[in-house]
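S.K.: File follows, entry.txt with compact mmCIF, C-alpha atoms:
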# COMPACT_ATOMS: atom_id res chain seq x y z
CA MET L 166 -29.82 14.48 11.82
CA GLU L 167 -27.08 16.26 9.95
CA TYR L 168 -24.50 14.35 11.97
CA LEU L 169 -26.20 11.03 11.31
CA SER L 170 -26.44 11.67 7.59
CA SER L 171 -22.76 12.59 7.44
CA ILE L 172 -21.93 9.28 9.15
CA ILE L 173 -24.11 7.38 6.67
CA LEU L 174 -22.45 9.13 3.76
CA ILE L 175 -18.95 8.38 5.06
CA ALA L 176 -19.92 4.73 5.60
CA ILE L 177 -21.42 4.20 2.15
CA SER L 178 -18.60 6.05 0.48
CA ALA L 179 -15.94 3.99 2.28
CA ALA L 180 -17.63 0.63 1.74
CA LEU L 181 -18.97 0.91 -1.80
CA ILE L 182 -18.20 4.03 -3.83
CA ASN L 183 -14.56 4.51 -2.94
CA ASN L 184 -13.94 0.89 -2.04
CA PHE L 185 -10.50 0.52 -0.42
CA VAL L 186 -9.42 -2.29 -2.73
CA LEU L 187 -11.14 -1.51 -5.99
CA TYR L 188 -10.86 2.28 -5.96
CA TYR L 189 -7.81 3.12 -3.83
CA PHE L 190 -5.88 -0.13 -4.51
CA VAL L 191 -4.88 -0.59 -0.88
CA GLY L 192 -4.69 -4.12 0.50
CA ILE L 193 -4.03 -5.63 -2.91
CA CYS L 194 -1.47 -8.15 -1.59
CA PRO L 195 -3.94 -10.13 0.58
CA PHE L 196 -6.61 -9.49 -2.06
CA LEU L 197 -4.57 -11.44 -4.60
CA GLY L 198 -2.82 -13.79 -2.17
CA VAL L 199 -5.53 -14.97 0.22
CA SER L 200 -8.61 -14.80 -1.97
CA ARG L 201 -8.56 -18.44 -3.07
CA ARG L 202 -11.27 -19.78 -0.73
CA VAL L 203 -14.35 -17.95 0.52
CA ASP L 204 -14.01 -18.94 4.19
CA MET L 205 -10.35 -17.88 4.36
CA ALA L 206 -11.16 -14.61 2.62
CA PHE L 207 -13.96 -13.91 5.11
CA GLY L 208 -11.64 -14.64 8.05
CA MET L 209 -9.03 -12.27 6.66
CA GLY L 210 -11.67 -9.60 6.05
CA CYS L 211 -12.94 -9.85 9.64
CA ALA L 212 -9.41 -9.67 11.05
CA VAL L 213 -8.67 -6.56 8.98
CA THR L 214 -11.95 -4.88 9.97
CA PHE L 215 -11.19 -5.57 13.63
CA VAL L 216 -7.63 -4.25 13.55
CA ILE L 217 -8.50 -1.28 11.33
CA SER L 218 -11.12 -0.10 13.86
CA ILE L 219 -8.68 -0.34 16.77
CA ALA L 220 -5.88 1.38 14.83
CA ALA L 221 -8.28 4.13 13.73
CA PHE L 222 -9.43 4.73 17.31
CA LEU L 223 -5.85 4.98 18.61
CA SER L 224 -4.60 7.11 15.74
CA TRP L 225 -7.58 9.50 16.03
CA VAL L 226 -6.93 9.96 19.75
CA LEU L 227 -3.20 10.47 19.26
CA THR L 228 -3.64 12.83 16.30
CA ALA L 229 -6.33 14.94 17.94
CA PHE L 230 -4.69 15.29 21.35
CA VAL L 231 -0.95 15.03 20.73
CA LEU L 232 0.18 15.24 17.11
CA ARG L 233 -1.85 17.84 15.24
CA PRO L 234 -0.69 21.48 15.20
CA GLY L 235 -2.00 23.11 18.36
CA ALA L 236 -3.07 19.83 19.95
CA PRO L 237 -4.11 20.29 23.59
CA LEU L 238 -1.72 17.81 25.22
CA ALA L 239 1.32 18.88 23.20
CA SER L 240 0.51 22.56 23.82
CA TRP L 241 0.21 21.96 27.56
CA VAL L 242 3.66 20.31 27.68
CA TRP L 243 5.07 23.08 25.47
CA GLN L 244 3.73 25.73 27.87
CA ARG L 245 5.36 23.92 30.80
CA LEU L 246 8.68 23.69 28.98
CA SER L 247 8.81 27.28 27.82
CA PRO L 248 6.20 29.37 29.67
CA GLY L 249 4.72 32.33 27.85
CA SER L 250 6.03 31.44 24.38
CA GLU L 251 3.99 32.32 21.29
CA GLY L 252 4.78 29.25 19.17
CA VAL L 253 2.28 26.51 18.35
CA ALA L 254 3.22 22.97 19.30
CA ASP L 255 3.27 20.92 16.09
CA LEU L 256 4.34 17.29 16.21
CA SER L 257 2.78 16.34 12.87
CA ILE L 258 6.21 15.41 11.47
CA LEU L 259 6.00 12.32 13.70
CA ASN L 260 2.64 11.23 12.21
CA TYR L 261 3.87 8.34 10.06
CA LEU L 262 6.20 6.96 12.70
CA VAL L 263 3.44 7.04 15.30
CA TYR L 264 0.85 5.43 13.00
CA ILE L 265 3.08 2.55 12.00
CA PHE L 266 3.99 2.01 15.63
CA VAL L 267 0.31 2.07 16.63
CA ILE L 268 -0.59 -0.43 13.91
CA ALA L 269 2.24 -2.82 14.74
CA SER L 270 1.53 -2.71 18.45
CA SER L 271 -2.24 -3.01 18.10
CA VAL L 272 -1.76 -6.09 15.92
CA GLN L 273 0.52 -7.55 18.59
CA PHE L 274 -1.97 -6.65 21.32
CA VAL L 275 -4.97 -8.10 19.47
CA GLU L 276 -2.99 -11.26 18.82
CA MET L 277 -2.07 -11.72 22.49
CA TYR L 278 -5.59 -10.87 23.69
CA LEU L 279 -7.26 -13.33 21.33
CA ARG L 280 -4.78 -16.08 22.16
CA LYS L 281 -5.50 -15.66 25.86
CA PHE L 282 -9.27 -15.17 25.86
CA TYR L 283 -10.69 -16.48 22.56
CA PRO L 284 -8.47 -19.40 21.47
CA PRO L 285 -10.92 -20.70 18.81
CA LEU L 286 -11.12 -17.26 17.16
CA TYR L 287 -7.34 -16.97 17.38
CA LYS L 288 -6.96 -20.34 15.67
CA SER L 289 -9.34 -19.37 12.89
CA PHE L 290 -7.44 -16.12 12.19
CA GLY L 291 -4.22 -18.10 12.14
CA ILE L 292 -1.35 -16.52 10.24
CA TYR L 293 -3.42 -13.59 8.99
CA LEU L 294 -3.08 -11.57 12.17
CA PRO L 295 0.68 -10.92 12.02
CA LEU L 296 0.44 -10.32 8.26
CA ILE L 297 -1.99 -7.46 8.85
CA THR L 298 0.82 -5.19 10.09
CA THR L 299 1.97 -4.68 6.52
CA ASN L 300 -1.54 -4.39 5.10
CA CYS L 301 -1.69 -0.98 3.47
CA ALA L 302 -5.45 -0.71 4.06
CA ILE L 303 -4.87 -0.02 7.76
CA LEU L 304 -2.22 2.66 7.31
CA PHE L 305 -4.40 4.13 4.56
CA ALA L 306 -7.34 4.47 6.97
CA CYS L 307 -5.05 6.20 9.50
CA LEU L 308 -3.82 8.59 6.79
CA GLU L 309 -7.36 9.43 5.66
CA ILE L 310 -8.28 10.21 9.26
CA MET L 311 -5.12 12.33 9.59
CA LYS L 312 -6.16 14.31 6.52
CA HIS L 313 -9.42 15.26 8.23
CA VAL L 314 -7.99 15.90 11.72
CA SER L 315 -4.49 17.34 11.40
CA GLY L 316 -4.10 20.88 10.10
CA VAL L 317 -7.79 21.60 9.35
CA PRO L 318 -9.94 24.36 10.91
CA ALA L 319 -11.60 23.28 14.16
CA ALA L 320 -15.12 23.43 12.64
CA GLU L 321 -14.22 20.93 9.89
CA MET L 322 -12.35 18.52 12.12
CA TRP L 323 -13.68 14.97 12.14
CA ASP L 324 -14.78 13.64 15.51
CA LEU L 325 -14.18 10.10 16.73
CA GLY L 326 -17.52 8.82 15.38
CA ARG L 327 -16.74 9.84 11.81
CA ALA L 328 -13.22 8.42 12.03
CA LEU L 329 -14.52 5.08 13.31
CA ALA L 330 -17.25 5.00 10.64
CA LEU L 331 -14.64 5.46 7.91
CA ALA L 332 -12.37 2.76 9.33
CA PHE L 333 -15.05 0.18 10.13
CA PHE L 334 -16.91 0.51 6.84
CA GLY L 335 -13.61 0.64 4.96
CA GLY L 336 -12.93 -2.75 6.52
CA VAL L 337 -16.41 -3.94 5.54
CA GLY L 338 -15.72 -2.82 1.96
CA PHE L 339 -12.44 -4.71 2.02
CA THR L 340 -14.23 -7.85 3.26
CA LEU L 341 -16.89 -7.45 0.57
CA ALA L 342 -14.31 -7.13 -2.21
CA ILE L 343 -12.12 -10.00 -1.02
CA VAL L 344 -15.10 -12.36 -0.51
CA LEU L 345 -16.57 -11.52 -3.94
CA MET L 346 -13.15 -12.11 -5.44
CA ALA L 347 -12.72 -15.44 -3.63
CA GLY L 348 -16.11 -16.61 -4.91
CA MET L 349 -15.10 -15.81 -8.46
CA ARG L 350 -11.69 -17.43 -8.09
CA GLU L 351 -13.27 -20.64 -6.80
CA ASP L 352 -15.19 -20.80 -10.07
CA LEU L 353 -12.14 -19.77 -12.10
CA GLU L 354 -10.35 -22.92 -10.90
CA LEU L 355 -12.79 -24.91 -13.02
CA CYS L 356 -12.35 -22.76 -16.12
CA ASP L 357 -9.97 -23.32 -19.00
CA VAL L 358 -7.83 -20.19 -18.62
CA PRO L 359 -5.01 -19.65 -21.18
CA ARG L 360 -1.78 -20.89 -19.60
CA ALA L 361 -0.02 -17.50 -19.61
CA LEU L 362 -2.89 -15.84 -17.75
CA ARG L 363 -3.22 -18.45 -14.98
CA GLY L 364 -2.76 -17.28 -11.39
CA PRO L 365 -2.43 -13.59 -10.56
CA ALA L 366 -2.85 -12.35 -14.15
CA ILE L 367 -6.43 -13.57 -14.57
CA ALA L 368 -7.19 -12.50 -10.99
CA LEU L 369 -6.14 -8.95 -11.89
CA ILE L 370 -8.27 -8.92 -15.04
CA VAL L 371 -11.29 -10.24 -13.10
CA SER L 372 -10.76 -7.56 -10.45
CA GLY L 373 -10.70 -4.99 -13.23
CA ILE L 374 -14.18 -6.11 -14.24
CA LEU L 375 -15.24 -6.07 -10.58
CA ALA L 376 -13.88 -2.52 -10.27
CA MET L 377 -15.95 -1.54 -13.32
CA ALA L 378 -19.04 -2.91 -11.60
CA PHE L 379 -18.23 -0.89 -8.48
CA MET L 380 -17.87 2.22 -10.65
CA GLY L 381 -21.63 1.96 -11.00
CA PHE L 382 -21.88 3.35 -7.46
CA THR L 383 -20.29 6.65 -8.51
CA GLY L 384 -22.59 9.53 -7.71
CA VAL L 385 -24.75 7.55 -5.27
CA ASP L 386 -23.38 9.67 -2.42
CA ARG L 387 -24.42 12.95 -4.04
CA ASN L 388 -27.99 11.80 -4.61
CA LEU L 389 -28.15 10.30 -1.15
CA ALA L 390 -26.89 13.55 0.38
CA ALA L 391 -29.65 15.44 -1.45
CA LEU L 392 -32.19 12.87 -0.23
CA LEU L 393 -31.12 13.05 3.42
CA ARG L 394 -31.06 16.83 3.54
CA MET U 65 20.51 -13.49 -17.90
CA PRO U 66 23.98 -14.74 -18.86
CA ASP U 67 25.61 -11.76 -17.06
CA ALA U 68 24.02 -12.69 -13.77
CA ARG U 69 25.21 -16.25 -14.10
CA THR U 70 28.87 -15.30 -14.64
CA ALA U 71 28.62 -12.91 -11.70
CA ALA U 72 27.25 -15.74 -9.55
CA ALA U 73 30.64 -17.49 -9.77
CA GLU U 74 32.23 -14.85 -7.54
CA THR U 75 30.22 -14.97 -4.33
CA SER U 76 30.77 -12.07 -1.96
CA SER U 77 32.74 -12.35 1.26
CA ASP U 78 29.63 -12.56 3.49
CA GLY U 79 28.30 -15.70 1.82
CA GLY U 80 25.31 -14.23 -0.04
CA PRO U 81 25.14 -13.25 -3.72
CA SER U 82 27.65 -10.62 -4.83
CA ALA U 83 26.81 -6.95 -5.36
CA ALA U 84 26.79 -7.21 -9.17
CA GLU U 85 24.50 -10.21 -9.01
CA ARG U 86 22.12 -8.50 -6.61
CA PHE U 87 22.01 -5.47 -8.90
CA LEU U 88 21.25 -7.43 -12.08
CA ASN U 89 18.79 -9.78 -10.36
CA GLY U 90 16.63 -6.85 -9.30
CA ILE U 91 16.16 -5.51 -12.81
CA LEU U 92 14.80 -8.51 -14.71
CA PRO U 93 15.12 -12.00 -13.15
CA GLU U 94 13.59 -10.90 -9.83
CA ASN U 95 11.62 -7.92 -11.14
CA PRO U 96 9.52 -6.66 -8.20
CA THR U 97 6.39 -6.10 -10.29
CA TYR U 98 6.25 -9.03 -12.69
CA ARG U 99 8.24 -11.78 -10.95
CA GLN U 100 7.83 -11.11 -7.21
CA MET U 101 4.44 -9.34 -7.38
CA LEU U 102 5.43 -6.94 -4.59
CA GLY U 103 4.39 -3.35 -4.00
CA MET U 104 1.13 -3.68 -5.90
CA CYS U 105 -0.63 -0.64 -4.36
CA PRO U 106 1.55 2.05 -5.98
CA THR U 107 1.94 -0.06 -9.11
CA LEU U 108 -1.79 0.13 -9.71
CA ALA U 109 -2.61 3.46 -8.14
CA ILE U 110 -0.16 5.98 -9.59
CA THR U 111 0.47 4.57 -13.07
CA ASN U 112 -2.17 6.70 -14.81
CA GLY U 113 0.65 8.95 -16.06
CA MET U 114 4.40 8.70 -16.60
CA ARG U 115 5.15 11.77 -14.49
CA SER U 116 3.55 10.43 -11.31
CA ALA U 117 4.95 6.94 -11.94
CA MET U 118 8.51 8.23 -12.25
CA THR U 119 8.18 10.48 -9.18
CA MET U 120 7.03 7.43 -7.24
CA ALA U 121 9.95 5.38 -8.58
CA GLY U 122 12.35 8.14 -7.46
CA ALA U 123 10.81 8.23 -3.98
CA VAL U 124 11.07 4.45 -3.68
CA LEU U 125 14.72 4.57 -4.88
CA PHE U 126 15.61 7.09 -2.16
CA VAL U 127 13.79 5.26 0.62
CA LEU U 128 15.06 1.83 -0.42
CA VAL U 129 18.71 2.93 -0.65
CA CYS U 130 18.59 4.79 2.69
CA ALA U 131 16.73 1.99 4.48
CA ASN U 132 19.04 -0.70 3.08
CA VAL U 133 22.16 1.26 4.12
CA MET U 134 20.76 1.90 7.59
CA VAL U 135 19.65 -1.70 8.15
CA SER U 136 22.94 -3.03 6.80
CA LEU U 137 24.86 -0.79 9.22
CA ILE U 138 22.90 -2.00 12.24
CA ARG U 139 22.56 -5.62 11.12
CA GLY U 140 24.74 -6.85 14.00
CA LEU U 141 22.35 -5.36 16.55
CA LEU U 142 19.07 -6.73 15.17
CA LYS U 143 17.05 -9.02 17.39
CA PRO U 144 14.97 -11.62 15.51
CA HIS U 145 11.59 -10.81 17.10
CA LEU U 146 11.95 -7.02 16.81
CA ARG U 147 13.42 -7.11 13.29
CA ILE U 148 10.30 -6.19 11.33
CA LEU U 149 9.39 -3.38 13.73
CA VAL U 150 12.89 -1.88 13.39
CA PHE U 151 12.63 -2.11 9.59
CA THR U 152 9.25 -0.39 9.44
CA LEU U 153 10.28 2.39 11.83
CA THR U 154 13.49 3.01 9.83
CA ILE U 155 11.48 3.12 6.62
CA ALA U 156 8.87 5.41 8.19
CA ALA U 157 11.57 7.93 9.13
CA PHE U 158 12.93 8.07 5.57
CA VAL U 159 9.44 8.21 4.07
CA THR U 160 8.70 11.25 6.26
CA ILE U 161 11.81 12.92 4.75
CA VAL U 162 10.71 12.12 1.20
CA ASP U 163 7.17 13.28 1.88
CA ARG U 164 8.34 16.64 3.27
CA LEU U 165 10.82 17.08 0.37
CA LEU U 166 8.10 16.38 -2.21
CA ALA U 167 5.71 18.78 -0.49
CA ALA U 168 8.42 21.46 -0.44
CA TYR U 169 9.75 21.21 -4.01
CA MET U 170 7.02 19.46 -6.05
CA TYR U 171 3.83 20.57 -4.34
CA ALA U 172 1.42 19.74 -7.20
CA MET U 173 2.91 16.28 -7.61
CA SER U 174 2.80 15.68 -3.86
CA LYS U 175 -0.93 16.56 -3.87
CA GLN U 176 -1.51 14.23 -6.82
CA LEU U 177 0.30 11.29 -5.22
CA GLY U 178 -1.59 11.96 -1.98
CA PRO U 179 -1.56 9.03 0.46
CA TYR U 180 0.57 6.81 -1.78
CA VAL U 181 3.83 8.47 -0.67
CA PRO U 182 3.29 7.63 3.02
CA LEU U 183 2.05 4.20 1.94
CA ILE U 184 5.65 3.45 0.81
CA ILE U 185 6.15 2.57 4.51
CA VAL U 186 4.17 -0.64 4.10
CA ASN U 187 5.43 -1.32 0.58
CA CYS U 188 6.46 -4.97 0.69
CA ILE U 189 9.43 -4.40 -1.67
CA ILE U 190 11.35 -2.38 0.88
CA ILE U 191 10.64 -4.62 3.86
CA SER U 192 11.50 -7.72 1.83
CA ARG U 193 14.80 -6.18 0.61
CA CYS U 194 15.75 -5.25 4.18
CA GLU U 195 14.94 -8.78 5.25
CA VAL U 196 16.47 -10.68 2.33
CA CYS U 197 19.58 -8.62 1.65
CA ALA U 198 20.40 -5.71 3.95
CA ALA U 199 19.98 -7.60 7.23
CA LYS U 200 22.57 -10.13 6.10
CA GLN U 201 25.04 -8.41 3.79
CA SER U 202 27.52 -5.54 3.74
CA VAL U 203 26.69 -1.92 2.85
CA PRO U 204 27.97 -1.92 -0.78
CA THR U 205 25.99 -5.06 -1.60
CA ALA U 206 22.92 -3.57 0.06
CA ILE U 207 23.24 -0.38 -2.04
CA ALA U 208 23.65 -2.38 -5.27
CA ASP U 209 20.63 -4.46 -4.32
CA ALA U 210 18.53 -1.38 -3.53
CA VAL U 211 19.43 0.35 -6.80
CA GLY U 212 18.80 -2.81 -8.84
CA GLN U 213 15.43 -3.48 -7.25
CA SER U 214 14.39 0.17 -7.64
CA LEU U 215 15.33 0.11 -11.32
CA GLY U 216 13.28 -3.05 -11.74
CA PHE U 217 10.37 -1.37 -9.96
CA ALA U 218 10.76 1.75 -12.14
CA LEU U 219 10.75 -0.46 -15.25
CA GLY U 220 7.56 -2.18 -14.09
CA LEU U 221 5.86 1.15 -13.33
CA ALA U 222 7.02 2.65 -16.64
CA SER U 223 5.63 -0.24 -18.69
CA ILE U 224 2.18 0.05 -17.12
CA ALA U 225 2.15 3.85 -17.12
CA THR U 226 3.16 3.97 -20.80
CA VAL U 227 0.25 1.76 -21.85
CA ARG U 228 -2.25 3.56 -19.61
CA GLU U 229 -1.22 7.11 -20.44
CA ILE U 230 -0.97 6.59 -24.21
CA LEU U 231 -4.28 4.74 -24.52
CA GLY U 232 -6.08 6.73 -21.86
CA ALA U 233 -4.98 10.26 -22.71
CA GLY U 234 -3.00 9.99 -25.98
CA THR U 235 0.04 11.51 -24.30
CA TRP U 236 3.38 10.33 -22.87
CA PHE U 237 5.01 12.37 -20.10
CA GLY U 238 2.33 14.95 -20.96
CA LEU U 239 3.53 15.23 -24.60
CA PRO U 240 0.93 14.32 -27.25
CA VAL U 241 1.95 11.14 -29.13
CA LEU U 242 -1.33 10.02 -30.72
CA PRO U 243 -3.25 12.12 -33.28
CA ALA U 244 -5.79 14.52 -31.82
CA ALA U 245 -8.57 12.40 -33.34
CA TRP U 246 -7.73 9.60 -30.87
CA PRO U 247 -10.80 8.91 -28.72
CA ALA U 248 -9.09 8.78 -25.32
CA TRP U 249 -10.04 5.54 -23.54
CA VAL U 250 -10.92 7.15 -20.24
CA ILE U 251 -11.36 3.73 -18.63
CA MET U 252 -7.57 3.22 -18.90
CA VAL U 253 -6.78 6.06 -16.50
CA LEU U 254 -9.58 5.00 -14.12
CA PRO U 255 -9.07 2.18 -11.56
CA PRO U 256 -10.41 -0.72 -13.73
CA GLY U 257 -7.86 0.13 -16.45
CA ALA U 258 -5.04 -0.36 -13.95
CA PHE U 259 -6.14 -3.89 -13.05
CA ILE U 260 -6.74 -4.94 -16.64
CA THR U 261 -3.50 -3.43 -18.00
CA LEU U 262 -1.38 -5.08 -15.32
CA GLY U 263 -3.21 -8.40 -15.78
CA LEU U 264 -2.65 -8.42 -19.55
CA LEU U 265 0.99 -7.26 -19.27
CA MET U 266 1.66 -9.97 -16.70
CA GLY U 267 0.07 -12.52 -19.03
CA GLY U 268 2.32 -11.21 -21.83
CA VAL U 269 5.45 -11.59 -19.69
CA ASN U 270 4.44 -15.14 -18.70
CA TRP U 271 3.77 -16.04 -22.33
CA PHE U 272 7.13 -14.61 -23.43
CA LEU U 273 9.04 -16.49 -20.71
CA ALA U 274 7.25 -19.77 -21.45
CA ARG U 275 7.98 -19.39 -25.16
CA ARG U 276 11.65 -18.67 -24.52
CA GLN U 277 11.87 -21.72 -22.31
CA THR U 278 10.36 -24.05 -24.92
CA ALA U 279 12.62 -22.54 -27.60
CA ARG U 280 15.61 -23.43 -25.41
CA GLY U 281 14.32 -26.99 -25.10
Can I see the file as structure tokens?
M.R.:
Amino acid sequence: MEYLSSIILIAISAALINNFVLYYFVGICPFLGVSRRVDMAFGMGCAVTFVISIAAFLSWVLTAFVLRPGAPLASWVWQRLSPGSEGVADLSILNYLVYIFVIASSVQFVEMYLRKFYPPLYKSFGIYLPLITTNCAILFACLEIMKHVSGVPAAEMWDLGRALALAFFGGVGFTLAIVLMAGMREDLELCDVPRALRGPAIALIVSGILAMAFMGFTGVDRNLAALLR
Amino acid sequence: MPDARTAAAETSSDGGPSAAERFLNGILPENPTYRQMLGMCPTLAITNGMRSAMTMAGAVLFVLVCANVMVSLIRGLLKPHLRILVFTLTIAAFVTIVDRLLAAYMYAMSKQLGPYVPLIIVNCIIISRCEVCAAKQSVPTAIADAVGQSLGFALGLASIATVREILGAGTWFGLPVLPAAWPAWVIMVLPPGAFITLGLLMGGVNWFLARRQTARG
């Protein structure tokens, strides 16, 4: 029960309270660039959610078993290389390089897989798949997972379920924000916006108001935690 | 920019714009924040104070100069389909250096910037500069380009951070500038303030440019 409630809290916090786009400002480029039509925005959101989950899975596995200080696989190799040494194997300096490599290759892999087995889905994702490599939301999810796996006491370490909950619901939050934004921008096209504010400027102001609305969720997690306990 | 136009007359030996032109272009005509709309994550996330904004600008300057030099040096070896991967891995290596340096010498600031230092890896400014300039031009031009773009980025960050810090906390670089009676607009240092400030500033820049254009005829 405690485990389940922690998963629920991570999910709600990632999707609503600390929304990736409106609270952490990651994934702003597609948020401003792609959010002109609702269907395109939804496609982009789904693609990001898909890739973010895969990248989170891979980066959790790599961090927990290879990269973090005292990771089992790295320690085993270290013991083979210099038997009987006291030092702790710590590869965490390679974290960023490994994450960016994991993201780039999982995007490539997802792209090839979809093209081979699900051509209609591949067509509907279109150009968004390669663009996802440079979407900060995905690296951000990997970094958040790193913060809870690398260099923390064993009792507080996040397991795979928590990491995947954060990534998947972070993606859901991203989809929610980008679809809401696209809906508003479709209506904005019909409005008489002052010339200087047309385009990205008014989109930013509207997202500011959207962010204010999302601030209403602040504190929900604390009450929910009390409720679930 | 009259200076940029005179510099354009002397094109560099490798065909692209000259070093001086690259440098000046980055600051105002191709300003990363207001004209190219690149690198929006840090622009919005760490501009709640001048201190954090300027630390971020310094980190981006270091990474951009190093990455541009490195990419320019290996530009003959780049393969088209692996280009972007090489860029991101180069950038990731330099970002690791910056991150460790910040954690060693400015620990409090490194904690405050949190994930936004590693997120420089996917900052579109750096990848686009590697792609547009460093992969095609010589090392001196690439350095000039990197410094110009970073100054433009710093200018963009400083403008937003100034507005947000003064209105939101009544201070600038931590020094009080508004009277103590100022009711700090807390919303300005919270996420919505970032969106609204940048939106209004961008509208102001657009308005100014449009007005200058009509004045010119």
S.K.: Please, which residues of chain U lie no more than 8 Å from chain L when the count uses only C-alpha atoms, and can they be set out as a PyMOL selection string?
M.R.: chain U and resi 102-106+108-109+149+152-153+156-157+160+179+182-183+186-188+255-264+266-268+270-271+274
S.K.: Emit the selected residues as a PDB file, keeping the file's coordinate frame, including C-alpha atoms.
M.R.:
ATOM      1  CA  LEU U 102       5.430  -6.940  -4.590  1.00  0.00           C
ATOM      2  CA  GLY U 103       4.390  -3.350  -4.000  1.00  0.00           C
ATOM      3  CA  MET U 104       1.130  -3.680  -5.900  1.00  0.00           C
ATOM      4  CA  CYS U 105      -0.630  -0.640  -4.360  1.00  0.00           C
ATOM      5  CA  PRO U 106       1.550   2.050  -5.980  1.00  0.00           C
ATOM      6  CA  LEU U 108      -1.790   0.130  -9.710  1.00  0.00           C
ATOM      7  CA  ALA U 109      -2.610   3.460  -8.140  1.00  0.00           C
ATOM      8  CA  LEU U 149       9.390  -3.380  13.730  1.00  0.00           C
ATOM      9  CA  THR U 152       9.250  -0.390   9.440  1.00  0.00           C
ATOM     10  CA  LEU U 153      10.280   2.390  11.830  1.00  0.00           C
ATOM     11  CA  ALA U 156       8.870   5.410   8.190  1.00  0.00           C
ATOM     12  CA  ALA U 157      11.570   7.930   9.130  1.00  0.00           C
ATOM     13  CA  THR U 160       8.700  11.250   6.260  1.00  0.00           C
ATOM     14  CA  PRO U 179      -1.560   9.030   0.460  1.00  0.00           C
ATOM     15  CA  PRO U 182       3.290   7.630   3.020  1.00  0.00           C
ATOM     16  CA  LEU U 183       2.050   4.200   1.940  1.00  0.00           C
ATOM     17  CA  VAL U 186       4.170  -0.640   4.100  1.00  0.00           C
ATOM     18  CA  ASN U 187       5.430  -1.320   0.580  1.00  0.00           C
ATOM     19  CA  CYS U 188       6.460  -4.970   0.690  1.00  0.00           C
ATOM     20  CA  PRO U 255      -9.070   2.180 -11.560  1.00  0.00           C
ATOM     21  CA  PRO U 256     -10.410  -0.720 -13.730  1.00  0.00           C
ATOM     22  CA  GLY U 257      -7.860   0.130 -16.450  1.00  0.00           C
ATOM     23  CA  ALA U 258      -5.040  -0.360 -13.950  1.00  0.00           C
ATOM     24  CA  PHE U 259      -6.140  -3.890 -13.050  1.00  0.00           C
ATOM     25  CA  ILE U 260      -6.740  -4.940 -16.640  1.00  0.00           C
ATOM     26  CA  THR U 261      -3.500  -3.430 -18.000  1.00  0.00           C
ATOM     27  CA  LEU U 262      -1.380  -5.080 -15.320  1.00  0.00           C
ATOM     28  CA  GLY U 263      -3.210  -8.400 -15.780  1.00  0.00           C
ATOM     29  CA  LEU U 264      -2.650  -8.420 -19.550  1.00  0.00           C
ATOM     30  CA  MET U 266       1.660  -9.970 -16.700  1.00  0.00           C
ATOM     31  CA  GLY U 267       0.070 -12.520 -19.030  1.00  0.00           C
ATOM     32  CA  GLY U 268       2.320 -11.210 -21.830  1.00  0.00           C
ATOM     33  CA  ASN U 270       4.440 -15.140 -18.700  1.00  0.00           C
ATOM     34  CA  TRP U 271       3.770 -16.040 -22.330  1.00  0.00           C
ATOM     35  CA  ALA U 274       7.250 -19.770 -21.450  1.00  0.00           C
TER      36      ALA U 274
END
S.K.: Taking the point (-32.3, 9.3, 3.3) as given in the file, collect each protein or nucleic acid residue that comes within 12 Å of it, counting all atoms listed in the file, and present the set as a list in words.
M.R.: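 Residues with an atom close enough to that point: Met166, Glu167, Leu169, Ser170, Ser171, Ile172, Ile173, Leu174, Val385, Asp386, Arg387, Asn388, Leu389, Ala390, Ala391, Leu392, Leu393 and Arg394 of chain L.
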S.K.: Grab the residues selected above and save them as an mmCIF file, keeping the file's coordinate frame with C-alpha atoms.
M.R.:
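File out_23.cif, as written:
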data_model
loop_
_atom_site.group_PDB
_atom_site.id
_atom_site.type_symbol
_atom_site.label_atom_id
_atom_site.label_comp_id
_atom_site.auth_asym_id
_atom_site.auth_seq_id
_atom_site.Cartn_x
_atom_site.Cartn_y
_atom_site.Cartn_z
ATOM 1 C CA MET L 166 -29.820 14.480 11.820
ATOM 2 C CA GLU L 167 -27.080 16.260 9.950
ATOM 3 C CA LEU L 169 -26.200 11.030 11.310
ATOM 4 C CA SER L 170 -26.440 11.670 7.590
ATOM 5 C CA SER L 171 -22.760 12.590 7.440
ATOM 6 C CA ILE L 172 -21.930 9.280 9.150
ATOM 7 C CA ILE L 173 -24.110 7.380 6.670
ATOM 8 C CA LEU L 174 -22.450 9.130 3.760
ATOM 9 C CA VAL L 385 -24.750 7.550 -5.270
ATOM 10 C CA ASP L 386 -23.380 9.670 -2.420
ATOM 11 C CA ARG L 387 -24.420 12.950 -4.040
ATOM 12 C CA ASN L 388 -27.990 11.800 -4.610
ATOM 13 C CA LEU L 389 -28.150 10.300 -1.150
ATOM 14 C CA ALA L 390 -26.890 13.550 0.380
ATOM 15 C CA ALA L 391 -29.650 15.440 -1.450
ATOM 16 C CA LEU L 392 -32.190 12.870 -0.230
ATOM 17 C CA LEU L 393 -31.120 13.050 3.420
ATOM 18 C CA ARG L 394 -31.060 16.830 3.540
#
S.K.: Could you pull the residues within 12 Å of Lys175 (chain U), counting all atoms listed in the file, minus those fewer than 6 positions along the same chain, as a ChimeraX atom specification?
M.R.: /L:312 /U:116,163-164,166-169,181
S.K.: Do you know which residues are at most 8 Å from Ala236 (chain L) counting only C-alpha atoms, after dropping those on the same chain fewer than 5 positions away, and could you put them as a ChimeraX atom specification?
M.R.: /L:228-231,254-255
S.K.: Quick one: pull the distance between CA of Cys130 (chain U) and CA of Ala225 (chain U), Å, one decimal.
M.R.: 25.8 Å
S.K.: Need to verify the contact set: Thr226 (chain U), 10 Å, all atoms listed in the file, exclusion of same-chain residues closer than 6 positions in sequence. Can you return it as a list of chain:residue names?
M.R.: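 Contacts, in chain order: U:Thr111, U:Asn112, U:Gly113, U:Met114, U:Ala117, U:Gly232, U:Thr235, U:Trp236, U:Phe237.
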